Amino acid sequence: MERATESSTEELAEGALRTATELCQRYRITALQDFLESCRSFAQEKSLNIAIFGRFKAGKSSFLNHLIGRPLLPVGVIPVTSAVTEIEYGRVDSAEARFLDGRSESIPLERIGDYISESQNPSNSKSVALVRVQSPSMGRYRGIRFVDTPGLESAFEHNTETSLEWLPRVGLALVAVGADAPLSQADLELIRNLRRYTPNVSLLLTKADILSEGERDEVTEFLRRQLEHHGDGSMQILPYSIRPGFESLRTALDERLLSGVHAENEGQRAAVLRHKIVSLLEESAGYLNVALKAAAAADSDRERLRRTILGDKAALDDTRLALRLIVRHAAGMARSQFEDLLRNDEGPVRQRLLAGLDREFPSWTRNLGVAITRLEDWLGAVLTGEMTALSKKHGAEFVEPVERVGRQLSQGLQDFRNRVSERTLEALGVPLKTTQPELRTEEPRSPDVRVGKIFDHNWELVSFLVPMGIVRGAVRKHFERTVENAVVVNLSRLASQWETAVNRSLLDLEKDSVRRLDGLIASIERLIASGGEEASRIREDLAGLDSLRKLIRGSSALII
């Protein structure tokens, strides 16, 4: 019976996703494309993930280490986690880092912190998409994948962005709040956003050991009232402590949440999938309702309606221009910023190379030609090493313009979507959800640093005939000037190489932001342009969505 139920749920899900895809294509509803993709991805997943979200220092990583029974995840007194970590059962200990460019790399368990901690991977400068860990110690939770996310509201904005971008993939969610600072407005907003993607959100009250039993009951009741006030009164509140003497709290967590998830993994996964798809269908219906309302308007009113919701052509051109100016300003400033950054390294690099020349030069005694060749080989190698090291040292600073511009463009797009949503509600009386994930682009990779020939050999054809004893002092000074000039030239080249790489990523962001803007504009224009002759088709599609939603909701009764 369970297998039949699972099959029917998957068939319903596939049918619903096909329907949503067809409607989004027919009405050009590009704003739902990311949500649609997240539903497809979840439908193909066989493990059920339990993701831990919350403010930094809420105790997420400590909770998971305690639950697993070993200190796999780094913890500290400052914001620690910079990348998502997934932990699940495996026959042997293993860890794999997956990068934004599609690469993957096996890593020792003891080196996980090199990839996910803020101190060793600042601003995620290594471009880690996630780290997946497998361990036999997860045997009691087979079929469940725990997900540790970076802390929200820390000084590092990229941590918040990474966690929020992961939201659409959530299966079950635990929102961690510390007993010393329970439930902020940001926590409530996070819970509201999570409800879009999962029906199962619980509150994890960490650091419960700082409260007496009476105080713990008092805080729990306070949290319950707060949740009820915001429409989440049925949410589970699970106190927890990692300290000895509070084992009963872990037992309660297992009984109230984890054991049920483990025993009914397929049913839980099916319930989450239904929830995601119902949300997707409801948002699809919202767009179709806009089309239906617009179809009821007279032809002469549609252009006025379009201007009311989107603004006139000049206003739309200004919005596009504002997005482009953000990128152009950053691109225009990149070279000077990178040169200023590297200027501080010029003195130390020059000193190291001159010290190296002191060590190497005495062995270049045969003749001037040999000395020139040796200098060229040595200088090319050490300069390549120095420039490569500087690329790694300043990697996060070099890619910062891309991250900053991505945030600015995302905010600019969201401001426009919010205006469209408000105007749609005012003009047509129907709400329109227009939220999309942050803009993402592959971070520029460190350039392939190479140093070309140092000298023009045309004037050195006779250098092999010149004994070094005669010209040693003059050659030494000339080599020193050559080293100093080569440092300046190659620092400038490095700044130029990074400028090229960063500006390429900035241009990709610009194209993506304008594409999303134009896609939303085209969606709204297409919906508003729906003539009266299309009203019957729109009603049929809305009726089909309503029937499909009821069918999917009803399928939950089949799973016990």
# chains A, B, ... in the order shown; residues from 1 in each chain; ligands from 1
call {"tool": "select_by_dssp", "arguments": {"residues": "range 264-495 of chain A", "states": "alpha helix (DSSP H)", "output": "MDAnalysis selection string"}}
result
chainID A and resid 265:295 299:310 313:360 368:393 395:428 468:495
call {"tool": "residues_around", "arguments": {"residues": "range 270-278 of chain A", "least_positions_apart": "2", "cutoff": "6 Å", "atoms": "only C-alpha atoms", "output": "PDB file with N, CA, C and O atoms, in the first residue's frame"}}
result
ATOM      1  N   TYR A 197       7.872  26.769   1.457  1.00  0.00           N
ATOM      2  CA  TYR A 197       8.533  25.596   0.901  1.00  0.00           C
ATOM      3  C   TYR A 197       8.308  24.308   1.679  1.00  0.00           C
ATOM      4  O   TYR A 197       8.593  23.225   1.159  1.00  0.00           O
ATOM      5  N   THR A 198       7.832  24.392   2.929  1.00  0.00           N
ATOM      6  CA  THR A 198       7.638  23.172   3.706  1.00  0.00           C
ATOM      7  C   THR A 198       6.517  23.370   4.723  1.00  0.00           C
ATOM      8  O   THR A 198       6.369  24.464   5.286  1.00  0.00           O
ATOM      9  N   GLY A 267       6.769   9.052   3.633  1.00  0.00           N
ATOM     10  CA  GLY A 267       5.561   9.841   3.844  1.00  0.00           C
ATOM     11  C   GLY A 267       5.876  11.302   4.115  1.00  0.00           C
ATOM     12  O   GLY A 267       5.194  12.207   3.614  1.00  0.00           O
ATOM     13  N   GLN A 268       6.916  11.553   4.915  1.00  0.00           N
ATOM     14  CA  GLN A 268       7.313  12.926   5.211  1.00  0.00           C
ATOM     15  C   GLN A 268       7.785  13.627   3.938  1.00  0.00           C
ATOM     16  O   GLN A 268       7.444  14.781   3.682  1.00  0.00           O
ATOM     17  N   LEU A 280       3.364  26.209  -5.385  1.00  0.00           N
ATOM     18  CA  LEU A 280       3.668  26.585  -6.766  1.00  0.00           C
ATOM     19  C   LEU A 280       2.390  26.787  -7.569  1.00  0.00           C
ATOM     20  O   LEU A 280       2.257  27.766  -8.320  1.00  0.00           O
ATOM     21  N   LEU A 281       1.438  25.882  -7.423  1.00  0.00           N
ATOM     22  CA  LEU A 281       0.176  26.004  -8.167  1.00  0.00           C
ATOM     23  C   LEU A 281      -0.616  27.222  -7.723  1.00  0.00           C
ATOM     24  O   LEU A 281      -1.255  27.890  -8.537  1.00  0.00           O
ATOM     25  N   ARG A 549      -4.888  21.210  -7.331  1.00  0.00           N
ATOM     26  CA  ARG A 549      -4.530  21.489  -5.940  1.00  0.00           C
ATOM     27  C   ARG A 549      -5.348  20.627  -4.986  1.00  0.00           C
ATOM     28  O   ARG A 549      -4.822  20.071  -4.023  1.00  0.00           O
TER      29      ARG A 549
END
call {"tool": "closest_residue", "arguments": {"among": "A:Ala501, A:Val488, A:Val131, A:Ala208", "to": "Glu247 in chain A", "atoms": "only C-alpha atoms"}}
result
A:Ala208
call {"tool": "closest_residue", "arguments": {"among": "A:Val502, A:Ile552, A:Leu323, A:Leu292", "to": "Gly429 in chain A", "atoms": "only C-alpha atoms"}}
result
A:Leu292
call {"tool": "closest_residue", "arguments": {"among": "A:Val402, A:Leu542, A:Val147, A:Leu520", "to": "Arg504 in chain A", "atoms": "only C-alpha atoms"}}
result
A:Val402
call {"tool": "closest_residue", "arguments": {"among": "A:Arg169, A:His66, A:Val201, A:Trp498", "to": "Thr388 in chain A", "atoms": "only C-alpha atoms"}}
result
A:Trp498
call {"tool": "select_by_dssp", "arguments": {"residues": "range 128-314 of chain A", "states": "strand (DSSP E)", "output": "ChimeraX atom specification"}}
result
/A:128-135,144-148,172-178,201-206,237-239
call {"tool": "closest_residue", "arguments": {"among": "A:Leu375, A:Ala389, A:Leu321, A:Ile87", "to": "Arg359 in chain A", "atoms": "only C-alpha atoms"}}
result
A:Leu375
call {"tool": "residues_around", "arguments": {"residues": "Gly412 in chain A", "least_positions_apart": "6", "cutoff": "12 Å", "atoms": "only C-alpha atoms", "output": "compact mmCIF listing (two decimals) with C-alpha atoms, in the first residue's frame"}}
result
# COMPACT_ATOMS: atom_id res chain seq x y z
CA ASP A 318 15.30 54.40 -16.25
CA THR A 319 15.03 51.16 -14.25
CA ARG A 320 17.17 49.32 -16.81
CA LEU A 321 19.65 52.19 -16.87
CA ALA A 322 19.89 52.16 -13.07
CA LEU A 323 20.83 48.47 -13.15
CA ARG A 324 23.43 49.06 -15.85
CA LEU A 325 24.92 52.06 -14.04
CA ILE A 326 25.49 49.95 -10.92
CA VAL A 405 27.01 44.41 -7.26
CA GLY A 406 25.02 41.17 -7.09
CA ASN A 418 7.46 45.06 -4.94
CA ARG A 419 6.17 48.14 -6.77
CA GLU A 438 19.30 36.46 -5.32
CA LEU A 439 21.25 36.86 -8.54
CA GLU A 510 24.15 42.89 -15.74
CA SER A 513 19.47 41.32 -14.07
CA VAL A 514 18.18 42.97 -17.25
CA ARG A 516 14.96 39.07 -15.27
CA LEU A 517 13.59 42.61 -15.41
call {"tool": "residues_around", "arguments": {"residues": "Lys293 in chain A", "least_positions_apart": "3", "cutoff": "10 Å", "atoms": "only C-alpha atoms", "output": "compact mmCIF listing (two decimals) with N, CA, C and O atoms, in the first residue's frame"}}
result
# COMPACT_ATOMS: atom_id res chain seq x y z
N LEU A 288 -2.48 33.92 -13.13
CA LEU A 288 -3.61 33.75 -14.04
C LEU A 288 -4.79 34.64 -13.63
O LEU A 288 -5.54 35.12 -14.49
N ASN A 289 -4.97 34.87 -12.34
CA ASN A 289 -6.03 35.77 -11.90
C ASN A 289 -5.78 37.20 -12.38
O ASN A 289 -6.71 37.94 -12.68
N VAL A 290 -4.51 37.59 -12.42
CA VAL A 290 -4.18 38.89 -13.00
C VAL A 290 -4.62 38.93 -14.46
O VAL A 290 -5.22 39.91 -14.93
N ALA A 296 -11.06 41.06 -18.45
CA ALA A 296 -12.40 41.63 -18.28
C ALA A 296 -12.43 43.12 -18.58
O ALA A 296 -13.51 43.71 -18.73
N ALA A 297 -11.26 43.75 -18.67
CA ALA A 297 -11.21 45.18 -18.94
C ALA A 297 -11.43 45.43 -20.43
O ALA A 297 -11.12 44.59 -21.29
N ALA A 427 -4.69 48.08 -8.58
CA ALA A 427 -5.41 48.24 -9.85
C ALA A 427 -6.40 47.12 -10.12
O ALA A 427 -7.48 47.35 -10.67
N LEU A 428 -6.06 45.88 -9.71
CA LEU A 428 -6.89 44.73 -10.06
C LEU A 428 -7.48 44.01 -8.86
O LEU A 428 -8.33 43.14 -9.01
N GLY A 429 -7.00 44.34 -7.67
CA GLY A 429 -7.55 43.71 -6.47
C GLY A 429 -7.08 42.30 -6.24
O GLY A 429 -7.67 41.56 -5.46
N VAL A 430 -5.99 41.89 -6.93
CA VAL A 430 -5.45 40.54 -6.73
C VAL A 430 -3.98 40.67 -6.36
O VAL A 430 -3.25 41.48 -6.93
N LEU A 527 0.10 39.16 -19.63
CA LEU A 527 -1.10 38.92 -18.84
C LEU A 527 -2.13 40.02 -19.04
O LEU A 527 -3.33 39.76 -19.17
N ILE A 528 -1.67 41.26 -19.09
CA ILE A 528 -2.59 42.39 -19.26
C ILE A 528 -3.17 42.41 -20.66
O ILE A 528 -4.32 42.81 -20.86
N SER A 530 -4.16 40.02 -22.36
CA SER A 530 -5.14 38.95 -22.60
C SER A 530 -6.49 39.56 -22.95
O SER A 530 -7.09 40.28 -22.17
N GLY A 532 -10.57 39.60 -24.25
CA GLY A 532 -11.77 38.93 -23.76
C GLY A 532 -11.93 37.54 -24.32
O GLY A 532 -12.48 36.65 -23.66
N ALA A 535 -10.44 34.92 -22.09
CA ALA A 535 -10.94 34.76 -20.73
C ALA A 535 -11.40 33.34 -20.46
O ALA A 535 -11.15 32.79 -19.38
